[in-house]
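Reproduced below: data-v4.csv, with CSV, C-alpha atoms.
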chain,number,residue,atom,x,y,z
E,938,MET,CA,-34.3,-3.6,-47.9
E,939,LYS,CA,-35.5,-0.4,-49.4
E,940,ARG,CA,-33.7,-1.1,-52.7
E,941,LEU,CA,-35.1,-4.6,-52.7
E,942,GLY,CA,-38.6,-3.2,-52.3
E,943,ILE,CA,-38.1,-0.7,-55.1
E,944,ALA,CA,-36.6,-3.4,-57.3
E,945,MET,CA,-39.6,-5.7,-56.6
E,946,ALA,CA,-41.9,-2.9,-57.4
E,947,LEU,CA,-40.2,-2.3,-60.6
E,948,VAL,CA,-40.1,-5.9,-61.6
E,949,GLY,CA,-43.7,-6.4,-60.6
E,950,GLY,CA,-44.6,-3.3,-62.6
E,951,MET,CA,-42.7,-4.5,-65.6
E,952,ILE,CA,-44.4,-7.9,-65.6
E,953,SER,CA,-47.8,-6.3,-65.2
E,954,GLY,CA,-47.0,-3.8,-68.0
E,955,ALA,CA,-45.8,-6.6,-70.3
E,956,LEU,CA,-48.8,-8.7,-69.7
E,957,GLY,CA,-51.1,-5.8,-70.2
E,958,SER,CA,-49.3,-4.9,-73.4
E,959,VAL,CA,-49.7,-8.4,-74.8
E,960,ILE,CA,-53.3,-8.6,-73.8
E,961,ALA,CA,-54.3,-5.2,-75.0
E,962,GLY,CA,-52.0,-5.4,-78.1
E,963,GLN,CA,-50.8,-1.9,-77.5
E,964,ALA,CA,-47.4,-0.4,-76.8
E,965,ARG,CA,-47.4,1.9,-73.8
E,966,SER,CA,-43.7,2.6,-73.7
E,967,ASN,CA,-44.4,6.4,-73.4
E,968,ASP,CA,-45.9,5.9,-69.9
E,969,PRO,CA,-43.2,6.6,-67.3
E,970,GLU,CA,-44.8,4.3,-64.7
E,971,PRO,CA,-44.8,0.7,-65.5
E,972,SER,CA,-47.8,-0.1,-63.3
E,973,ALA,CA,-49.7,2.7,-64.9
E,974,LYS,CA,-49.6,0.8,-68.2
E,975,VAL,CA,-51.7,-1.9,-66.6
E,976,GLU,CA,-54.1,0.6,-65.2
E,977,THR,CA,-55.0,1.9,-68.7
E,978,SER,CA,-55.0,-1.5,-70.4
E,979,GLY,CA,-58.7,-2.1,-69.9
E,980,GLY,CA,-59.8,1.2,-71.4
E,981,GLN,CA,-57.9,1.2,-74.6
E,982,GLY,CA,-58.3,-1.0,-77.7
E,983,ARG,CA,-61.0,-3.6,-77.8
E,984,ASP,CA,-59.9,-7.2,-78.4
E,985,PRO,CA,-61.9,-9.1,-81.0
E,986,MET,CA,-62.3,-11.9,-78.5
E,987,PRO,CA,-63.9,-10.3,-75.4
E,988,TRP,CA,-64.3,-13.6,-73.4
E,989,VAL,CA,-60.6,-14.2,-73.7
E,990,MET,CA,-59.9,-10.6,-72.7
E,991,ALA,CA,-62.2,-10.8,-69.6
E,992,ASP,CA,-60.4,-13.9,-68.4
E,993,GLN,CA,-57.0,-12.5,-69.0
E,994,GLU,CA,-57.9,-9.2,-67.4
E,995,ARG,CA,-59.1,-11.1,-64.3
E,996,ARG,CA,-55.8,-13.0,-64.1
E,997,LEU,CA,-53.9,-9.7,-64.7
E,998,ARG,CA,-55.8,-8.0,-61.9
E,999,SER,CA,-55.1,-10.9,-59.6
E,1000,ILE,CA,-51.4,-10.6,-60.4
E,1001,GLU,CA,-51.6,-6.9,-59.8
E,1002,ASP,CA,-53.3,-7.4,-56.5
E,1003,ARG,CA,-50.7,-9.8,-55.3
E,1004,VAL,CA,-47.8,-7.6,-56.5
E,1005,ALA,CA,-49.4,-4.6,-54.7
E,1006,GLU,CA,-49.9,-6.7,-51.5
E,1007,LYS,CA,-46.3,-7.8,-51.6
E,1008,GLN,CA,-45.1,-4.2,-52.1
E,1009,LEU,CA,-47.2,-3.0,-49.1
E,1010,ALA,CA,-46.0,-5.8,-46.9
E,1011,ASP,CA,-42.4,-5.2,-47.9
E,1012,ARG,CA,-42.7,-1.5,-47.2
E,1013,ALA,CA,-44.4,-2.1,-43.8
E,1014,ARG,CA,-41.6,-4.5,-42.9
E,1015,GLU,CA,-39.0,-2.1,-44.0
E,1016,GLU,CA,-40.5,0.8,-42.0
E,1017,ALA,CA,-41.0,-1.4,-38.9
E,1018,SER,CA,-37.4,-2.6,-39.1
E,1019,ARG,CA,-36.1,1.0,-39.5
E,1020,ALA,CA,-38.2,2.2,-36.5
E,1021,ASP,CA,-37.0,-0.7,-34.4
E,1022,GLN,CA,-33.4,0.0,-35.4
E,1023,GLY,CA,-33.8,3.6,-34.5
E,1024,GLN,CA,-35.3,2.8,-31.1
E,1025,ARG,CA,-32.5,0.3,-30.4
E,1026,GLU,CA,-29.9,2.9,-31.3
E,1027,ALA,CA,-31.5,5.6,-29.2
E,1028,ALA,CA,-31.7,3.2,-26.2
E,1029,ALA,CA,-28.1,2.2,-26.6
E,1030,LYS,CA,-27.1,5.9,-26.8
E,1031,ARG,CA,-29.1,6.7,-23.7
E,1032,SER,CA,-27.7,3.8,-21.7
E,1033,GLY,CA,-24.2,4.8,-22.8
E,1034,GLU,CA,-24.7,8.4,-21.7
E,1035,ARG,CA,-26.3,7.4,-18.4
E,1036,ALA,CA,-24.0,4.6,-17.4
E,1037,PRO,CA,-22.4,5.5,-14.1
E,1038,GLU,CA,-19.0,6.9,-14.6
E,1039,ASP,CA,-16.3,4.7,-13.0
E,1040,PRO,CA,-14.1,6.3,-10.3
E,1041,ASP,CA,-11.0,6.7,-12.5
E,1042,ALA,CA,-12.9,8.4,-15.3
E,1043,SER,CA,-14.8,10.5,-12.7
E,1044,ARG,CA,-11.5,11.7,-11.1
E,1045,ALA,CA,-9.9,12.5,-14.4
E,1046,ARG,CA,-12.9,14.4,-15.6
E,1047,ALA,CA,-13.2,16.3,-12.3
E,1048,TYR,CA,-9.5,17.3,-12.4
E,1049,LYS,CA,-9.7,18.4,-16.0
E,1050,ALA,CA,-12.8,20.5,-15.3
E,1051,TRP,CA,-11.0,22.0,-12.3
E,1052,GLU,CA,-8.0,22.9,-14.4
E,1053,GLU,CA,-10.2,24.6,-16.9
E,1054,GLN,CA,-12.0,26.6,-14.2
E,1055,LEU,CA,-8.7,27.7,-12.7
E,1056,ALA,CA,-7.4,28.8,-16.1
E,1057,LEU,CA,-10.5,30.8,-16.7
E,1058,HIS,CA,-10.1,32.5,-13.3
E,1059,LYS,CA,-6.4,33.3,-14.1
E,1060,ALA,CA,-7.3,34.8,-17.4
E,1061,GLU,CA,-9.9,37.2,-16.0
E,1062,PRO,CA,-8.9,40.8,-15.8
E,1063,GLU,CA,-8.9,42.4,-12.3
E,1064,ASP,CA,-11.7,44.7,-11.4
E,1065,ARG,CA,-10.0,47.2,-9.0
E,1066,ARG,CA,-13.4,48.3,-7.6
E,1067,TRP,CA,-14.3,44.9,-6.4
E,1068,ALA,CA,-11.3,42.6,-6.3
E,1069,PRO,CA,-9.2,44.0,-3.4
E,1070,SER,CA,-12.1,44.3,-0.9
E,1071,THR,CA,-13.4,40.9,-1.8
E,1072,ALA,CA,-10.0,39.4,-1.4
E,1073,VAL,CA,-9.8,40.9,2.1
E,1074,ALA,CA,-13.1,39.4,3.0
E,1075,PHE,CA,-12.1,35.9,1.8
E,1076,SER,CA,-8.8,36.2,3.7
E,1077,ALA,CA,-10.7,37.1,6.9
E,1078,ASP,CA,-13.0,34.1,6.4
E,1079,LEU,CA,-10.2,31.7,5.7
E,1080,ARG,CA,-8.1,32.9,8.7
E,1081,GLU,CA,-11.1,32.3,10.9
E,1082,LEU,CA,-11.6,28.9,9.4
E,1083,SER,CA,-8.0,27.8,9.5
E,1084,ALA,CA,-7.7,27.2,13.3
E,1085,ASP,CA,-4.1,26.0,12.7
E,1086,ARG,CA,-5.3,23.4,10.2
E,1087,PHE,CA,-3.8,25.3,7.3
E,1088,GLU,CA,-1.8,28.3,6.4
E,1089,LEU,CA,-3.3,30.9,4.1
E,1090,THR,CA,-0.6,31.9,1.7
E,1091,GLN,CA,-2.4,34.0,-0.9
E,1092,THR,CA,-5.9,35.3,-1.8
E,1093,GLN,CA,-6.7,37.1,-5.0
E,1094,CYS,CA,-9.8,38.2,-6.8
E,1095,ARG,CA,-10.3,39.1,-10.5
E,1096,SER,CA,-13.6,40.4,-11.9
E,1097,THR,CA,-16.1,37.7,-11.0
E,1098,SER,CA,-13.9,35.0,-9.3
E,1099,CYS,CA,-11.4,34.7,-6.5
E,1100,SER,CA,-8.9,32.1,-5.5
E,1101,ALA,CA,-7.1,31.2,-2.3
E,1102,GLN,CA,-3.9,29.2,-1.7
E,1103,LEU,CA,-3.9,27.1,1.4
E,1104,ARG,CA,-1.0,25.1,2.7
E,1105,PHE,CA,-1.8,21.9,4.7
E,1106,ALA,CA,0.7,19.8,6.8
E,1107,ASP,CA,0.1,16.9,4.5
E,1108,TYR,CA,-2.4,15.5,1.9
E,1109,ALA,CA,-4.5,13.6,4.5
E,1110,THR,CA,-5.1,16.8,6.5
E,1111,ALA,CA,-6.1,18.6,3.3
E,1112,LEU,CA,-8.6,15.8,2.4
E,1113,GLU,CA,-10.1,16.0,5.9
E,1114,ASN,CA,-10.9,19.7,5.4
E,1115,LEU,CA,-12.3,19.5,1.9
E,1116,GLY,CA,-15.9,19.4,3.1
E,1117,THR,CA,-15.4,22.3,5.5
E,1118,LEU,CA,-13.9,24.5,2.8
E,1119,ILE,CA,-16.5,24.0,0.2
E,1120,HIS,CA,-19.5,24.1,2.6
E,1121,HIS,CA,-18.4,27.1,4.6
E,1122,ARG,CA,-20.6,30.2,4.6
E,1123,TYR,CA,-18.2,32.9,3.4
E,1124,ARG,CA,-18.9,36.6,3.8
E,1125,THR,CA,-19.2,36.9,0.0
E,1126,ASN,CA,-21.8,34.5,-1.4
E,1127,CYS,CA,-19.9,32.6,-4.1
E,1128,ALA,CA,-19.9,29.1,-5.5
E,1129,THR,CA,-17.0,27.1,-4.2
E,1130,GLU,CA,-14.8,24.6,-6.0
E,1131,THR,CA,-11.6,22.7,-5.4
E,1132,ALA,CA,-9.7,19.6,-6.4
E,1133,LEU,CA,-7.1,17.7,-4.4
E,1134,PRO,CA,-5.2,15.5,-6.8
E,1135,PRO,CA,-3.1,12.9,-4.9
E,1136,PRO,CA,0.6,13.9,-4.4
E,1137,ALA,CA,3.4,12.0,-6.1
E,1138,VAL,CA,4.4,8.7,-4.5
E,1139,GLY,CA,6.6,9.4,-1.5
E,1140,ARG,CA,5.2,12.9,-1.0
E,1141,GLU,CA,2.1,11.9,1.0
E,1142,ASN,CA,3.5,13.4,4.2
E,1143,ALA,CA,4.9,16.5,2.6
E,1144,PRO,CA,3.1,19.9,2.9
E,1145,TYR,CA,0.2,20.0,0.4
E,1146,GLU,CA,-1.0,23.1,-1.4
E,1147,VAL,CA,-4.7,23.5,-2.0
E,1148,THR,CA,-6.3,26.1,-4.3
E,1149,MET,CA,-9.8,27.1,-3.5
E,1150,LEU,CA,-11.8,28.7,-6.3
E,1151,TYR,CA,-14.8,31.0,-5.7
E,1152,ASP,CA,-17.1,31.8,-8.5
E,1153,CYS,CA,-18.9,35.1,-7.5
E,1154,THR,CA,-20.8,35.7,-10.7
E,1155,THR,CA,-24.1,35.6,-8.9
E,1156,ALA,CA,-23.0,37.8,-6.0
E,1157,ARG,CA,-21.6,40.4,-8.5
E,1158,ALA,CA,-24.9,40.4,-10.4
E,1159,GLY,CA,-26.6,41.3,-7.1
E,1160,LEU,CA,-28.7,38.2,-7.1
U,856,MET,CA,-55.0,0.2,-58.4
U,857,ASN,CA,-51.7,2.0,-58.7
U,858,GLN,CA,-53.5,5.2,-58.2
U,859,LYS,CA,-54.8,3.9,-54.9
U,860,MET,CA,-51.2,2.9,-54.0
U,861,ARG,CA,-50.1,6.5,-54.4
U,862,PHE,CA,-52.3,7.3,-51.4
U,863,ILE,CA,-52.0,4.1,-49.5
U,864,GLY,CA,-48.2,4.3,-49.5
U,865,PRO,CA,-47.9,7.8,-47.9
U,866,PHE,CA,-50.8,6.9,-45.6
U,867,LEU,CA,-48.9,3.9,-44.4
U,868,LEU,CA,-45.7,5.7,-43.9
U,869,ALA,CA,-47.4,8.6,-42.1
U,870,SER,CA,-49.2,6.1,-39.8
U,871,ILE,CA,-45.9,4.4,-38.9
U,872,ALA,CA,-44.1,7.7,-38.4
U,873,GLY,CA,-47.1,9.0,-36.3
U,874,ALA,CA,-47.0,5.8,-34.1
U,875,ILE,CA,-43.3,6.2,-33.5
U,876,LEU,CA,-43.6,9.9,-32.7
U,877,ALA,CA,-46.6,9.3,-30.4
U,878,ASN,CA,-44.6,6.8,-28.4
U,879,PRO,CA,-41.5,8.5,-27.2
U,880,VAL,CA,-39.5,6.7,-24.5
U,881,ASP,CA,-38.5,9.7,-22.5
U,882,ALA,CA,-41.1,12.3,-22.9
U,883,SER,CA,-42.7,12.4,-19.5
U,884,ALA,CA,-41.5,14.9,-16.9
U,885,LEU,CA,-39.4,13.5,-14.1
U,886,TRP,CA,-39.3,14.5,-10.5
U,887,VAL,CA,-38.4,13.2,-7.0
U,888,ARG,CA,-39.6,14.4,-3.7
U,889,LYS,CA,-37.8,13.5,-0.5
U,890,HIS,CA,-39.0,14.0,3.0
U,891,ALA,CA,-36.6,15.6,5.5
U,892,SER,CA,-36.5,12.4,7.5
U,893,GLY,CA,-34.5,11.0,4.6
U,894,CYS,CA,-31.8,13.6,5.0
U,895,MET,CA,-29.0,13.7,7.5
U,896,ALA,CA,-28.3,16.3,10.1
U,897,THR,CA,-24.6,16.8,10.6
U,898,SER,CA,-24.8,19.5,13.3
U,899,GLY,CA,-27.3,21.1,15.6
U,900,LYS,CA,-29.9,19.0,17.5
U,901,ALA,CA,-32.4,17.2,15.2
U,902,LEU,CA,-35.9,16.8,16.4
U,903,ASP,CA,-38.4,14.9,14.3
U,904,LYS,CA,-41.7,16.7,15.0
U,905,ASP,CA,-44.8,17.7,13.1
U,906,TRP,CA,-43.8,15.9,10.0
U,907,SER,CA,-40.6,17.9,9.7
U,908,ILE,CA,-37.0,17.9,11.0
U,909,GLN,CA,-36.4,20.8,13.4
U,910,ASN,CA,-33.4,22.3,15.0
U,911,ASP,CA,-33.8,21.9,18.7
U,912,SER,CA,-30.4,23.4,19.6
U,913,THR,CA,-30.4,26.8,21.2
U,914,THR,CA,-26.7,27.4,20.5
U,915,SER,CA,-25.9,26.1,17.1
U,916,ALA,CA,-27.3,26.1,13.6
U,917,MET,CA,-28.2,22.8,12.1
U,918,THR,CA,-26.7,21.6,8.8
U,919,ILE,CA,-28.8,19.0,7.0
U,920,VAL,CA,-27.6,17.1,3.9
U,921,CYS,CA,-30.1,15.7,1.5
U,922,THR,CA,-28.9,13.4,-1.2
U,923,PHE,CA,-30.3,13.1,-4.7
U,924,ASP,CA,-30.7,9.4,-5.4
U,925,GLU,CA,-29.9,9.3,-9.1
U,926,SER,CA,-30.8,6.6,-11.5
U,927,ASP,CA,-30.3,5.8,-15.2
U,928,ARG,CA,-33.7,7.5,-15.8
U,929,PHE,CA,-33.1,10.6,-13.9
U,930,ASN,CA,-29.6,11.8,-13.1
U,931,HIS,CA,-28.3,15.1,-11.9
U,932,GLY,CA,-27.4,16.3,-15.4
U,933,ASP,CA,-31.2,16.4,-16.1
U,934,VAL,CA,-32.1,18.5,-13.0
U,935,ALA,CA,-33.6,21.9,-13.7
U,936,SER,CA,-34.8,22.9,-10.3
U,937,VAL,CA,-34.3,22.1,-6.6
U,938,THR,CA,-36.9,23.3,-4.1
U,939,VAL,CA,-36.4,23.2,-0.4
U,940,ASN,CA,-39.5,23.6,1.9
U,941,GLY,CA,-39.9,24.2,5.6
U,942,GLU,CA,-40.5,26.9,8.3
U,943,ASP,CA,-38.2,29.7,9.2
U,944,GLY,CA,-38.8,30.1,13.0
U,945,SER,CA,-36.1,32.8,13.5
U,946,SER,CA,-36.6,36.5,13.2
U,947,GLY,CA,-32.9,37.1,13.8
U,948,ASP,CA,-31.3,34.6,11.4
U,949,GLU,CA,-32.0,33.0,8.0
U,950,VAL,CA,-32.4,29.5,6.5
U,951,THR,CA,-30.0,28.8,3.7
U,952,ALA,CA,-29.8,26.2,1.0
U,953,ARG,CA,-27.2,25.3,-1.7
U,954,THR,CA,-26.4,22.5,-4.0
U,955,CYS,CA,-23.1,20.7,-3.8
U,956,HIS,CA,-21.2,17.9,-5.6
U,957,ILE,CA,-18.3,15.7,-4.6
U,958,GLU,CA,-16.3,13.6,-6.9
U,959,GLN,CA,-16.6,9.8,-6.4
U,960,THR,CA,-13.3,9.4,-4.7
U,961,GLY,CA,-13.8,12.5,-2.5
U,962,THR,CA,-10.8,14.4,-3.9
U,963,ALA,CA,-12.7,17.2,-5.6
U,964,GLY,CA,-16.0,19.1,-5.1
U,965,GLY,CA,-17.8,22.3,-4.7
U,966,CYS,CA,-21.1,24.0,-4.0
U,967,GLY,CA,-23.3,26.5,-5.7
U,968,ALA,CA,-24.1,29.9,-4.2
U,969,LEU,CA,-26.3,30.1,-1.2
U,970,VAL,CA,-29.9,31.1,-1.4
U,971,SER,CA,-31.6,32.2,1.8
U,972,THR,CA,-34.7,33.4,3.5
U,973,THR,CA,-34.7,37.0,4.8
U,974,VAL,CA,-33.1,37.5,8.2
U,975,SER,CA,-36.1,39.0,9.9
U,976,GLY,CA,-38.8,37.0,8.1
U,977,THR,CA,-40.4,34.0,9.6
U,978,GLY,CA,-43.0,31.5,8.4
U,979,SER,CA,-43.1,29.0,5.5
U,980,TYR,CA,-40.2,29.2,3.1
U,981,SER,CA,-39.5,27.7,-0.4
U,982,LEU,CA,-35.9,28.1,-1.4
U,983,MET,CA,-34.7,27.3,-4.9
U,984,PRO,CA,-30.9,26.9,-5.0
U,985,VAL,CA,-29.5,26.8,-8.5
U,986,PRO,CA,-28.2,23.3,-9.2
U,987,ASP,CA,-24.4,23.6,-9.8
U,988,TRP,CA,-24.6,20.2,-11.5
U,989,GLY,CA,-23.8,19.6,-15.2
U,990,SER,CA,-21.5,17.8,-17.6
U,991,SER,CA,-18.4,18.7,-15.6
U,992,THR,CA,-19.9,16.9,-12.5
U,993,SER,CA,-21.3,13.9,-14.4
U,994,GLY,CA,-19.5,11.3,-12.3
U,995,ASP,CA,-20.0,13.1,-8.9
U,996,TYR,CA,-22.4,12.5,-6.0
U,997,VAL,CA,-24.7,15.4,-5.6
U,998,TYR,CA,-26.6,16.7,-2.6
U,999,THR,CA,-28.4,19.7,-1.2
U,1000,VAL,CA,-27.2,21.4,2.0
U,1001,VAL,CA,-29.7,23.2,4.2
U,1002,GLU,CA,-28.8,25.2,7.2
U,1003,LEU,CA,-31.5,25.9,9.9
U,1004,PRO,CA,-30.9,28.7,12.5
U,1005,ALA,CA,-30.7,27.8,16.2
U,1006,LYS,CA,-34.0,27.6,18.2
U,1007,THR,CA,-34.9,31.1,19.4
U,1008,SER,CA,-35.1,32.1,23.1
U,1009,SER,CA,-38.9,32.0,22.8
U,1010,GLY,CA,-38.7,28.3,21.7
U,1011,SER,CA,-39.4,28.9,18.0
U,1012,ARG,CA,-37.7,26.3,15.8
U,1013,SER,CA,-36.8,26.3,12.2
U,1014,THR,CA,-37.7,23.3,10.2
U,1015,LEU,CA,-37.0,21.4,7.0
U,1016,ARG,CA,-40.0,19.5,5.5
U,1017,GLY,CA,-38.3,18.2,2.4
U,1018,VAL,CA,-36.7,18.7,-1.0
U,1019,THR,CA,-38.3,18.4,-4.5
U,1020,ILE,CA,-36.1,18.0,-7.5
U,1021,THR,CA,-37.5,18.3,-11.1
U,1022,ASP,CA,-36.1,17.9,-14.6
Output the file's structure in the form of structure tokens.
Amino acid sequence: MKRLGIAMALVGGMISGALGSVIAGQARSNDPEPSAKVETSGGQGRDPMPWVMADQERRLRSIEDRVAEKQLADRAREEASRADQGQREAAAKRSGERAPEDPDASRARAYKAWEEQLALHKAEPEDRRWAPSTAVAFSADLRELSADRFELTQTQCRSTSCSAQLRFADYATALENLGTLIHHRYRTNCATETALPPPAVGRENAPYEVTMLYDCTTARAGL
Amino acid sequence: MNQKMRFIGPFLLASIAGAILANPVDASALWVRKHASGCMATSGKALDKDWSIQNDSTTSAMTIVCTFDESDRFNHGDVASVTVNGEDGSSGDEVTARTCHIEQTGTAGGCGALVSTTVSGTGSYSLMPVPDWGSSTSGDYVYTVVELPAKTSSGSRSTLRGVTITD
């Protein structure tokens, strides 16, 4: 569309320039802008037949005006089309980003994020001034919370995060306790996170291990 | 004529660009405000009184869950602040609030750190738990959990008035 507009402008300019050249009887090939040739046509070189010139100049101006109107209209259409296209693309992008995630995608994304958080925790160095005492505090919290629902097998802290391994009788029991584990008010004020991917088929009634992750960045910063 | 065009062209382009820029689709600030009566008490003894939800239990704290009803216009990835309002009626315990998320199938979730009133303080509170919501929780249901202390021996109750969420 833009190329067409430019081409039309060039063609219109060339026609105008050619007409102007014939009428004025002057070569204006040194002017880089074709339409500029038309603009100067009236001011240079007097024709011996002024009544013919006046008529031809009127016609030329009429052509120029129509070409200019066409160029304006083309440009406006082109801009409007571009703006409309941009808005459509932006709307499509927004709706794509904000479309509700389906359960399968949601689960996959949650497990992936969980694995990444766990990897970050494991990669943290241990702060010996903070980690042991905080691990003891989490152990105490989880033992109080267990009430025979799970067995606490391990608690460890690094520099800003802690993790705890809990063993449940089966997957269903672990799922029942997910809310309690993440909402509990622990002695150390940390963010909680866990994921309970379903066990392999046939392992639904087997003991199920849960890893609780505690992000204590805020607590460590004293906030 | 062409000289005029040199000015009309840029003017036209600038007008169109200005019109587009002045008409953004998503520029306005978004917020939602939810009264406590739209939240759910999962423990304690809920009492709807004086335009607030109060804990009428003398023995247990009350946990209240307030959901954030998301839409395509305003979802939890856009949330910048969560503000919880009410009255802390206990001089021996605190009101706490935190944001949480649960994956759609209920097999993963977590909560942000707690924010709380001071233990000894009483009166109006305005707690702002940091939303633990973002791209990693994009498909989750999100909610705010508020815990109100038990009613004091003098009969003073802690309350939740509501939650305001802004982008």
Mind giving me the straight-line distance from atom CA of U:Ser945 to atom CA of U:Leu969 in Å, one decimal?
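Pair atom CA of U:Ser945 / atom CA of U:Leu969 returns 17.9 Å.
By all atoms listed in the file, and with residues fewer than 5 positions from U:Ser1009 along its chain excluded, the set lying at most 12 Å from it is Thr913, Gly944, Ser945, Ser946 and Gly947 of chain U.
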Could you list, as a list in words, the residues of chain E having an atom within 6 Å of chain U when counting all atoms listed in the file?
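In the required form, that comes to Arg1035, Glu1038, Pro1040, Ser1043, Ala1050, Ile1119, Asn1126, Cys1127, Ala1128, Thr1129, Glu1130, Thr1131, Ala1132 and Leu1133 of chain E.
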Applying 10 Å and all atoms listed in the file, which residues near E:Asn1114 remain after dropping the ones on its own chain fewer than 6 positions away? List them as a PDB file with C-alpha atoms, in the coordinates of the input.
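Output saved as out.pdb:
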ATOM      1  CA  SER E1083      -8.000  27.800   9.500  1.00  0.00           C
ATOM      2  CA  ARG E1086      -5.300  23.400  10.200  1.00  0.00           C
ATOM      3  CA  PHE E1087      -3.800  25.300   7.300  1.00  0.00           C
ATOM      4  CA  PHE E1105      -1.800  21.900   4.700  1.00  0.00           C
TER       5      PHE E1105
END
Give the answer as one residue: which of E:Ala1143, E:Pro1136, E:Ala1101, E:Cys1094 has the shortest atom-to-atom distance to E:Thr1071, using only C-alpha atoms?
E:Cys1094
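In this model, the gap between atom CA of U:Thr922 and atom CA of E:Ala1047 comes to 19.4 Å.
Candidate residues U:Pro1004, U:Gly893, U:Gly978, U:Pro986 were compared for distance to U:Thr1021, and the nearest is U:Pro986, using all atoms listed in the file.
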At what distance in Å, to one decimal, does atom CA of E:Lys1059 lie from atom CA of U:His931?
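Computing the Euclidean distance for atom CA of U:His931 and atom CA of E:Lys1059 yields 28.6 Å.
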Closest of U:Asp1022, U:Thr1014, U:Val997, U:Cys894 to U:Ser907 - atom-to-atom distances counting all atoms listed in the file:
U:Thr1014
Name the residues, using the chain letters and numbers of the file, that sit within 10 Å of (-27.1, 24.3, 23.8) when counting all atoms listed in the file, and give them as a list in words.
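Those residues lying close to the given coordinates are Gly899, Lys900, Asp911, Ser912, Thr913, Thr914, Ser915, Ala1005 and Lys1006 of chain U.
Candidate residues E:Glu1006, E:Glu1052, E:Glu1001, E:Asp1039 were compared for distance to E:Met1149, and the nearest is E:Glu1052, using all atoms listed in the file.
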Starting from the structure just given, write a file holding stretch 943-962 of chain U with C-alpha atoms, as a PDB file, in the first residue's frame.
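Produced file result_35.pdb, reproduced below:
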ATOM      1  CA  ASP U 943      -7.615  -5.461  65.554  1.00  0.00           C
ATOM      2  CA  GLY U 944      -9.548  -5.978  68.785  1.00  0.00           C
ATOM      3  CA  SER U 945      -6.903  -7.964  70.635  1.00  0.00           C
ATOM      4  CA  SER U 946      -4.060  -6.522  72.690  1.00  0.00           C
ATOM      5  CA  GLY U 947      -2.591  -9.989  73.149  1.00  0.00           C
ATOM      6  CA  ASP U 948      -2.535 -11.314  69.603  1.00  0.00           C
ATOM      7  CA  GLU U 949      -2.186 -10.093  66.046  1.00  0.00           C
ATOM      8  CA  VAL U 950      -4.130 -10.031  62.811  1.00  0.00           C
ATOM      9  CA  THR U 951      -2.214 -11.637  59.955  1.00  0.00           C
ATOM     10  CA  ALA U 952      -2.622 -11.666  56.187  1.00  0.00           C
ATOM     11  CA  ARG U 953      -0.865 -13.421  53.332  1.00  0.00           C
ATOM     12  CA  THR U 954      -1.482 -14.135  49.683  1.00  0.00           C
ATOM     13  CA  CYS U 955      -1.687 -17.680  48.375  1.00  0.00           C
ATOM     14  CA  HIS U 956      -2.095 -19.578  45.128  1.00  0.00           C
ATOM     15  CA  ILE U 957      -3.264 -23.058  44.260  1.00  0.00           C
ATOM     16  CA  GLU U 958      -2.767 -24.771  40.943  1.00  0.00           C
ATOM     17  CA  GLN U 959      -6.026 -25.497  39.100  1.00  0.00           C
ATOM     18  CA  THR U 960      -6.029 -29.217  39.831  1.00  0.00           C
ATOM     19  CA  GLY U 961      -5.100 -28.678  43.484  1.00  0.00           C
ATOM     20  CA  THR U 962      -1.784 -30.488  43.290  1.00  0.00           C
TER      21      THR U 962
END
